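Visitor: One structure coming up, written as structure tokens, with questions to follow.
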Amino acid sequence: MPVQVNAQPKEDTTPKLATPWVVVLYNCDCHTFDDVILQLQKATGCSLQEAELIAEEAHMLGRAIAFSGEADDCERVATVLRSIGLQVETGRT
């Protein structure tokens, strides 16, 4: 006697993670690369190399994701970046 296979897909019961928030840094010509890199490091705690990559991406593409995480952390990072006049926004990805 043949075995019948249930063709119904199994329901996914894995918990869904909340969509992370991001801080988007926009290019501006009113700051030096060194100023932006230093502020990125101060705001995010990233390495010099990471800050350089973010600054370069913002310069070349007009914007870059500077940080991702919880909403409160993103707002804190954005506040530090804005403190020297950098243009940033926060939101969900």
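By order of appearance in the structure tokens: chains A, B, ..., then residues from 1 within every chain, and ligands from 1 in the order shown.
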I'd like the neighbourhood of Ser68 of chain A as a PDB file with C-alpha atoms, in the first residue's frame, where a residue qualifies if any of its atoms comes within 7 Å (using only C-alpha atoms), though same-chain residues fewer than 4 positions away should be ignored.

Guide:
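Saved result, selection-v7.pdb, follows:
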ATOM      1  CA  PRO A  20      16.445  46.940  12.441  1.00  0.00           C
ATOM      2  CA  TRP A  21      16.632  50.674  12.352  1.00  0.00           C
ATOM      3  CA  VAL A  22      19.320  52.504  10.424  1.00  0.00           C
ATOM      4  CA  VAL A  23      21.057  55.859  10.419  1.00  0.00           C
ATOM      5  CA  CYS A  74      20.062  54.910  16.148  1.00  0.00           C
TER       6      CYS A  74
END

Visitor: What is the distance, in Å and to one decimal place, between atom CA of Leu48 of chain A and atom CA of Arg92 of chain A?

Guide: 25.7 Å

Visitor: I'd like to know which of A:Ile65, A:Ile84, A:Met60, A:Val77 is closest to Gln41 of chain A, using only C-alpha atoms.

Guide: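 Under the stated criterion, the closest residue is A:Val77.
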